[in-house]
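What follows is a single structure, written as structure tokens, with notes after it.
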Amino acid sequence: MHWNSPFSLKAMAIAVLGVPLAFASASAQQAPEPLATTTPAAHSGDTETSSSLANLPDASSSAADLPDDPGTQAQDASQAATGGKQTKRILGIVPNFRSVSVDAKLPPMTVKDKFIGATEDSLDYSDFIFIGILAGISQAQNSYPQFHQGAAGYGRYYWHTAADQIDENYMVEFFVPVALHQDPRYYTLERGSFLKRLGYSFSRIAITRQDDGSSNFNYSEVVGAGAAAGISALYYPSADRDWTKVGQRWATSVGLDGLTFVFKEFWPDINDHIFHQKD
């Protein structure tokens with residue numbers, strides 16, 4: 001995704017409120033012992049009847065001795081398997097469709113798959129919300145004085161920001177990946193130290209997978225983002241079409257994508273330990 005102002009880096013900061021983890025244990029309830037009753041012996045067969053009753057299971061057996069409920073077992077197994085599992089959305093809002101859970105084996109993306117992925121990231125309902133926020137930040141900073149202020153100025157900021165984002169998504173996720181047979185998905189590492197995972201995730205700016213599973217330079221990201229920045233020169237004011245402005249938009253786009261990769265890498269940990277979000 002592309003933002004037209006370096007200040008928008010601050011907009012990506014996420015404040016996470018710590019929520020204490022509550023654990024509850026189910027105590028086994030014991031059935032009350034049957035009341036002792038005394039009945040007179042009617043005939044000699046009562047002795048055999050009493051002996052048979054003594055062999056029946058004790059009604060006061062502890063529930064802890066019973067096998068675990070299948071539903072509980074399935075829930076425990078599900079919780080144990082959440083490590084490195086990506087969800088379709090982050091916090092239930094932000095699209096996360098291109099993130100692959102750790103050790104997941106997926107077939108190569110077809111041309112149609114890459115087109116659908118770029119479209120989902122470009123036209124998701126949440127995109128219009130974030131574009132509005134970013135457009136407001138740019139207007140508040142007066143990033144492009146030619147747009148002016150007021151409602152009309154905000155409209156100009158909004159559609160320029162939307163165009164930047166759509167250009168970058170389709171170049172990085174569709175056109176260049178299709179042309180060079182590269183996989184635009186993010187593959188979660190999950191294992192190793194924090195620094196190892198941090199380095200791996202940010203390095204995905206320069207390294208990606210080919211459709212055949214091999215590694216290669218990430219032309220989709222670097223060249224695709226550069227092409228999108230070049231396209232933006234067609235609709236920005238003439239004063240913002242020089243190499244400096246285009247280069248700034250290119251560098252900002254690539255840098256923010258790198259921060260996005262870092263967040264995607266650690267999202268399963270945040271989700272598992274804080275939000276307990278399932279999908």
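By convention here, the chains of the structure tokens are called A, B, ... in the order presented, each chain's residues are numbered starting at 1, and ligands are numbered starting at 1 in the order presented.
Excluding Arg204 (chain A) and any residue on its chain fewer than 4 positions from it, the residues at most 8 Å away by only C-alpha atoms are Tyr186, Tyr200, Thr208, Asn218, Gly258 and Phe261 of chain A.
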Mind writing the picked residues with N, CA, C and O atoms as a short mmCIF file (atom, residue, chain, number, x, y, z; two decimals), in the first residue's frame?
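The file below, selection_32.cif, is the result:
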```cif
data_model
loop_
_atom_site.label_atom_id
_atom_site.label_comp_id
_atom_site.auth_asym_id
_atom_site.auth_seq_id
_atom_site.Cartn_x
_atom_site.Cartn_y
_atom_site.Cartn_z
N TYR A 186 3.14 -13.32 1.30
CA TYR A 186 4.12 -13.26 2.38
C TYR A 186 4.11 -14.59 3.12
O TYR A 186 3.07 -15.00 3.64
N TYR A 200 14.35 -11.33 8.70
CA TYR A 200 13.72 -12.08 7.61
C TYR A 200 12.56 -11.30 7.00
O TYR A 200 12.45 -11.17 5.78
N THR A 208 12.04 -12.67 -2.70
CA THR A 208 10.70 -13.25 -2.79
C THR A 208 10.79 -14.63 -3.43
O THR A 208 11.87 -15.08 -3.83
N ASN A 218 13.32 -9.54 -5.44
CA ASN A 218 11.91 -9.15 -5.46
C ASN A 218 11.68 -8.00 -6.44
O ASN A 218 11.47 -6.85 -6.05
N GLY A 258 7.80 -2.77 3.68
CA GLY A 258 8.69 -3.51 4.58
C GLY A 258 8.16 -3.54 6.00
O GLY A 258 8.20 -4.58 6.67
N PHE A 261 5.41 -6.05 6.18
CA PHE A 261 5.91 -7.43 6.27
C PHE A 261 6.28 -7.77 7.72
O PHE A 261 6.01 -8.88 8.19
#
```
Query raised in the report: Could you name the residues that touch Ala228 (chain A) at 7 Å or less, counting only C-alpha atoms, but leaving out those on the same chain fewer than 6 positions away, as a PyMOL selection string?
Result: chain A and resi 167-168+171
Would you mind exporting N, CA and C atoms of the selected residues as a PDB file, in the first residue's frame?
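The result, written out as again32.pdb:
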```
ATOM      1  N   ASP A 167      -2.588   1.918  -7.927  1.00  0.00           N
ATOM      2  CA  ASP A 167      -1.454   1.742  -8.828  1.00  0.00           C
ATOM      3  C   ASP A 167      -0.429   0.785  -8.231  1.00  0.00           C
ATOM      4  N   GLU A 168      -0.060   1.041  -6.990  1.00  0.00           N
ATOM      5  CA  GLU A 168       0.986   0.252  -6.350  1.00  0.00           C
ATOM      6  C   GLU A 168       0.547  -1.194  -6.136  1.00  0.00           C
ATOM      7  N   MET A 171       0.564  -3.088  -9.543  1.00  0.00           N
ATOM      8  CA  MET A 171       1.911  -3.281 -10.065  1.00  0.00           C
ATOM      9  C   MET A 171       2.680  -4.319  -9.258  1.00  0.00           C
TER      10      MET A 171
END
```
Requested in this report: Give the answer as one residue: which of A:Glu265, A:Asp211, A:Asp183, A:Asp242 has the shortest atom-to-atom distance to Leu198 (chain A), using only C-alpha atoms?
Outcome: A:Glu265
Query raised in the report: Any idea what's packed within 8 Å of region 190-194 of chain A, counting only C-alpha atoms, ignoring anything in its chain fewer than 6 positions away? Could you give it as a PyMOL selection string?
Result: chain A and resi 83-84+102+265-266
Expected file contents, prior selection, N, CA and C atoms, as an mmCIF file, in the first residue's frame:
```
data_model
loop_
_atom_site.group_PDB
_atom_site.id
_atom_site.type_symbol
_atom_site.label_atom_id
_atom_site.label_comp_id
_atom_site.auth_asym_id
_atom_site.auth_seq_id
_atom_site.Cartn_x
_atom_site.Cartn_y
_atom_site.Cartn_z
ATOM 1 N N GLY A 83 0.165 -21.434 16.608
ATOM 2 C CA GLY A 83 1.447 -20.805 16.366
ATOM 3 C C GLY A 83 1.700 -20.581 14.881
ATOM 4 N N GLY A 84 2.001 -19.345 14.525
ATOM 5 C CA GLY A 84 2.302 -19.033 13.141
ATOM 6 C C GLY A 84 1.117 -19.029 12.205
ATOM 7 N N VAL A 102 2.699 -20.419 8.715
ATOM 8 C CA VAL A 102 3.956 -21.143 8.747
ATOM 9 C C VAL A 102 3.733 -22.600 8.325
ATOM 10 N N GLU A 265 4.578 -10.704 10.041
ATOM 11 C CA GLU A 265 5.358 -11.784 10.644
ATOM 12 C C GLU A 265 4.979 -11.994 12.105
ATOM 13 N N PHE A 266 4.792 -10.908 12.837
ATOM 14 C CA PHE A 266 4.520 -11.026 14.267
ATOM 15 C C PHE A 266 3.027 -10.976 14.602
#
```
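Ranking A:Ile131, A:Ala163, A:Ile205, A:Val94 by their shortest atom-to-atom distance to Leu234 (chain A), with only C-alpha atoms included, puts A:Ala163 first.
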Requested in this report: For Gly155 (chain A), please output as a PyMOL selection string all residues within 12 Å (counting only C-alpha atoms; exclusion window: fewer than 3 positions along the same chain).
Outcome: chain A and resi 131-132+135-136+138-139+147-152+158-162
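Among the candidate residues A:Val111, A:Leu256, A:Ile116, A:Ala206, the one lying nearest to Val223 (chain A) is A:Ala206, with distances computed using only C-alpha atoms.
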Query raised in the report: Which value, in Å to one decimal, gives the distance between CA of Leu134 (chain A) and CA of Asp257 (chain A)?
Result: 15.6 Å
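Taking only C-alpha atoms into account, Asp240 (chain A) lies nearest to A:Tyr144 out of the set A:Lys105, A:Lys112, A:Tyr144, A:Ile90.
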Requested in this report: Step one, run DSSP on the backbone; step two, keep only residues of region 57-202 of chain A assigned to strand (DSSP E or B); then write them as a list in words.
Outcome: Arg89, Ile90, Val94, Pro95, Ser99, Val100, Gln182, Asp183, Tyr186 and Tyr187 of chain A
Take the residues from that selection and write them out as a short mmCIF file (atom, residue, chain, number, x, y, z; two decimals), in the first residue's frame, keeping C-alpha atoms.
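Final output, saved to result.cif:
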```
data_model
loop_
_atom_site.label_atom_id
_atom_site.label_comp_id
_atom_site.auth_asym_id
_atom_site.auth_seq_id
_atom_site.Cartn_x
_atom_site.Cartn_y
_atom_site.Cartn_z
CA ARG A 89 -7.94 -10.01 8.54
CA ILE A 90 -5.88 -8.25 11.17
CA VAL A 94 -7.33 -4.92 7.87
CA PRO A 95 -7.03 -7.30 4.87
CA SER A 99 -0.14 -13.88 4.25
CA VAL A 100 0.68 -17.60 4.38
CA GLN A 182 6.84 -14.31 -8.91
CA ASP A 183 4.72 -15.11 -5.87
CA TYR A 186 4.12 -13.26 2.38
CA TYR A 187 5.38 -16.54 3.86
#
```
